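Working notes for the structure below.
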Amino acid sequence: MSDNSRISAGREPLVRVVKREYNSKLIPVLMRAGAFVLSIVAGGLFIWAMGFNPFTAYASIIKGALVGSARDPLSSIRSTIDLFVPLSITALGLSCAFKMKFWNIGGEGQIIMGGVFATYFALNFPQMPRPLMLLVMLIAGAVGGAIMALIPALFKVKFGTNETLFTLMLNYIAIYIVKYLIAGPWQRTPGFASIGKLDKNTYLYEINRQNIGWIAVIIIVLFVYFYLYQTKSGYEVSVVGESQATARYAGMNIRKIIIKTMIISGTICGIVGMIKVSSNHTLTDAIGGGVGFSAITVAWLSQLNPFIIPVVSALFSILQKGSTVMQMNMGISSYAADVLQGIILFCFLGSEFFVRYSLVFKKSRKGAK
Amino acid sequence: METFFNFLYASIIASTPLLFGTIGEILSEKVGNMNLGVEGMMWLGAFAGFYAAYKTESFLFSLLASFGLAAIGALIYAFLTVTLKANQNVTGLTLTTFGIGLSLVFGKAMIASAGGAPKTSDLFNAKISAIHIPGLSDIPYIGKILFGLNPYVYIGVAIAVVMYFYLRKTKIGLNLRAIGENPAAADASGINVNLMKYINIIIGGGICGIGGAYMSLILVNGSWQDSGVVNGYGWIAVALVIFSSWNPAKAIAGSLVFGMFSSLRYYVPSSIIVIPTAFYQMLPFLLTTIVLIVTSIRKSRENAQPASCGINYYREER
């Protein structure tokens, strides 16, 4: 692409951008490591500028997320894992759609609908035994998420309706459906917008007081990996993502691929809704809690790699949980987690450019050594 | 009759922050950059506008501060998406996370140093309260609606009108539309695409910021609480851009309609019909979805999103 001869020597600009041509995997790794270091330094400067010691703050975050109290050393890790499970599963679900360049930013709404569908069975069939109940709730959650994803997909393939905005709107519609349900038909006590606590047979199983949601993460990582990288359907997804024209030329049914992939994406997000209901033991309008949005950045930061997604999710969960402890210990608002997350993402977003392109500086005429 | 005009008045008050957010986002999308950071920029503006009002008691400083901090947020977005070609959706969402976080961190520090929820002074509150023009403001019914509003409302409408002429009737506006529809063609015709993108994204961001300041100074009565200032209005603004089909003049009507929906539930007598609150709150989003679908079915190019919106333009790769 870069045609050096086109620019005459006399009018050479100060800085030129040239696409990198290399086969080495080192530069991307170096660039991203650089971005990470830069974001830690920039975040530290931010904490310092707020009048706090950045080293103490970072230590407080890591300790707060991983080290519990003396009486219960695992309590912090448990709540970090509770943040980690929904975030990583949602990011995995969204990555399927993103691979196809379908901007599903409706993860939030798909989680919520998954939660609503699961709650319906939890409320209306309380006599079911626990294993059956959990299975039914899981299927219901998956269906709820899938329906929420299917609607924009259908309009996309039929009319070309913008999916970014459509899925965004569905998030809000879903939130108000929950608000309606918990203040209306599903209300437990008049006057309180709450469905109260669900019956015990709807609770997720626990191992060592940790609910088994993390097992779902492992299963879904493997599923997404095999689906996207080892099957024909997965290959079609990436072809559609790269170029719809190529996919059409190769005789692929683009509409079918988009609909199928969005159903999978929504199903996975819907499962998160079921896990949330089943581990929180209730349904509230905070069930999504912004996870659907955070997961978008996680999926992007992981380059849609199903094995990296849990790693990035773990980092963000540590940041999120650790910041609440930092707030208690140091008095910095726990929203510092959002600022740090923002700084990290800004640095990585910027670094991608330098992974793809390199800057060529104009050689100084005089005294060039 | 009295009730209807009260309802209209409340709707105008509720719609103004949306108007700022919508105009700001229209400006950005017109040059092909969908900025999902509106919510974050409104938060930045909410904090900066409040802080300046709290410290200086000056309306002008407050206005400039809210514009300025949000514009800096937009500058980060512009640098990443225009110069470094980063993904627009992810950058915008990150700006939202960052903006909310930064405002609340600063806000908490402000609360800590004030020893309680800081409030703007009565002197400042008087400056931003509803204006009163003797005679005109006292006309029954319409006087209050036309001549008895707070100054932000007039600023918002003025910005909308100026932007309408800027985008639709000037040569620069035509250039902007060219950039939004086909940046390569605009570039070839000698328009400085990146510069125009920067300018409009930043001004757009600043305008969103004023909307944020409106929320912290007027809607929350000039007292900084630890949370719940902007409350998703930024996202409604993103939706309103579609609703008003990228037209600043329609944005005035559009935000008024949304403002009506948000105040409607206080004015519909429960003796006539009882509708759950959640449905009233859902209406704006439902309506936007319907508008989105209808415009895509009609394939109306006049009312559609600028063609290059969401896609970064890179000269070397066209």
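Ordering of the structure tokens sets the chain letters (A, B, ...), residue numbers begin anew at 1 in every chain, and ligands are numbered from 1 in the order given.
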Using only C-alpha atoms and a cut-off of 8 Å, which residues of chain B sit close to chain A? Please list them as a ChimeraX atom specification. /B:80,84-87,90-91,93-95,97-102,104-105,108-109,239,276-279,281-282,285-286,288-289,292-293,296-297,316-317
Per-residue DSSP, stretch 200-300 of chain A, filtered to strand (DSSP E), as JSON, numbers by chain: {"A": [206, 207, 210, 211]}
Keeping only all heavy atoms, write the selected residues to a file as a PDB file, in the first residue's frame.
```pdb
ATOM      1  N   GLU A 206     -23.647 -25.023  45.006  1.00  0.00           N
ATOM      2  CA  GLU A 206     -22.406 -24.380  45.451  1.00  0.00           C
ATOM      3  C   GLU A 206     -21.364 -25.425  45.806  1.00  0.00           C
ATOM      4  O   GLU A 206     -21.686 -26.494  46.313  1.00  0.00           O
ATOM      5  CB  GLU A 206     -22.680 -23.491  46.676  1.00  0.00           C
ATOM      6  CG  GLU A 206     -23.531 -22.280  46.340  1.00  0.00           C
ATOM      7  CD  GLU A 206     -23.692 -21.321  47.510  1.00  0.00           C
ATOM      8  OE1 GLU A 206     -23.319 -21.700  48.632  1.00  0.00           O
ATOM      9  OE2 GLU A 206     -24.189 -20.204  47.282  1.00  0.00           O
ATOM     10  N   ILE A 207     -20.119 -25.101  45.493  1.00  0.00           N
ATOM     11  CA  ILE A 207     -18.995 -25.921  45.938  1.00  0.00           C
ATOM     12  C   ILE A 207     -18.142 -25.005  46.795  1.00  0.00           C
ATOM     13  O   ILE A 207     -17.742 -23.927  46.323  1.00  0.00           O
ATOM     14  CB  ILE A 207     -18.163 -26.448  44.746  1.00  0.00           C
ATOM     15  CG1 ILE A 207     -19.047 -27.246  43.791  1.00  0.00           C
ATOM     16  CG2 ILE A 207     -16.981 -27.271  45.240  1.00  0.00           C
ATOM     17  CD1 ILE A 207     -18.362 -27.673  42.515  1.00  0.00           C
ATOM     18  N   GLN A 210     -19.058 -21.436  46.869  1.00  0.00           N
ATOM     19  CA  GLN A 210     -18.931 -20.690  45.615  1.00  0.00           C
ATOM     20  C   GLN A 210     -19.888 -21.313  44.626  1.00  0.00           C
ATOM     21  O   GLN A 210     -19.810 -22.515  44.367  1.00  0.00           O
ATOM     22  CB  GLN A 210     -17.488 -20.785  45.106  1.00  0.00           C
ATOM     23  CG  GLN A 210     -17.271 -20.102  43.768  1.00  0.00           C
ATOM     24  CD  GLN A 210     -17.421 -18.599  43.885  1.00  0.00           C
ATOM     25  OE1 GLN A 210     -16.766 -17.975  44.709  1.00  0.00           O
ATOM     26  NE2 GLN A 210     -18.281 -18.013  43.082  1.00  0.00           N
ATOM     27  N   ASN A 211     -20.814 -20.501  44.063  1.00  0.00           N
ATOM     28  CA  ASN A 211     -21.752 -21.109  43.128  1.00  0.00           C
ATOM     29  C   ASN A 211     -21.019 -21.568  41.866  1.00  0.00           C
ATOM     30  O   ASN A 211     -19.931 -21.096  41.544  1.00  0.00           O
ATOM     31  CB  ASN A 211     -22.906 -20.150  42.804  1.00  0.00           C
ATOM     32  CG  ASN A 211     -22.449 -18.986  41.968  1.00  0.00           C
ATOM     33  OD1 ASN A 211     -22.000 -19.149  40.847  1.00  0.00           O
ATOM     34  ND2 ASN A 211     -22.537 -17.787  42.539  1.00  0.00           N
TER      35      ASN A 211
END
```
Kindly give the distance, in Å, that separates atom CA of A:Gly145 and atom CA of A:Val277, rounded to a single decimal. 13.6 Å
Can you work out the spacing between atom CA of B:Ala304 and atom CA of B:Trp246 in Å, to one decimal?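 According to the coordinates, atom CA of B:Ala304 and atom CA of B:Trp246 are separated by 7.7 Å.
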Check the DSSP output for the backbone and give back, as a PyMOL selection string, the residues of stretch 213-266 of chain B in alpha helix (DSSP H). chain B and resi 213-214+233-243+248-266
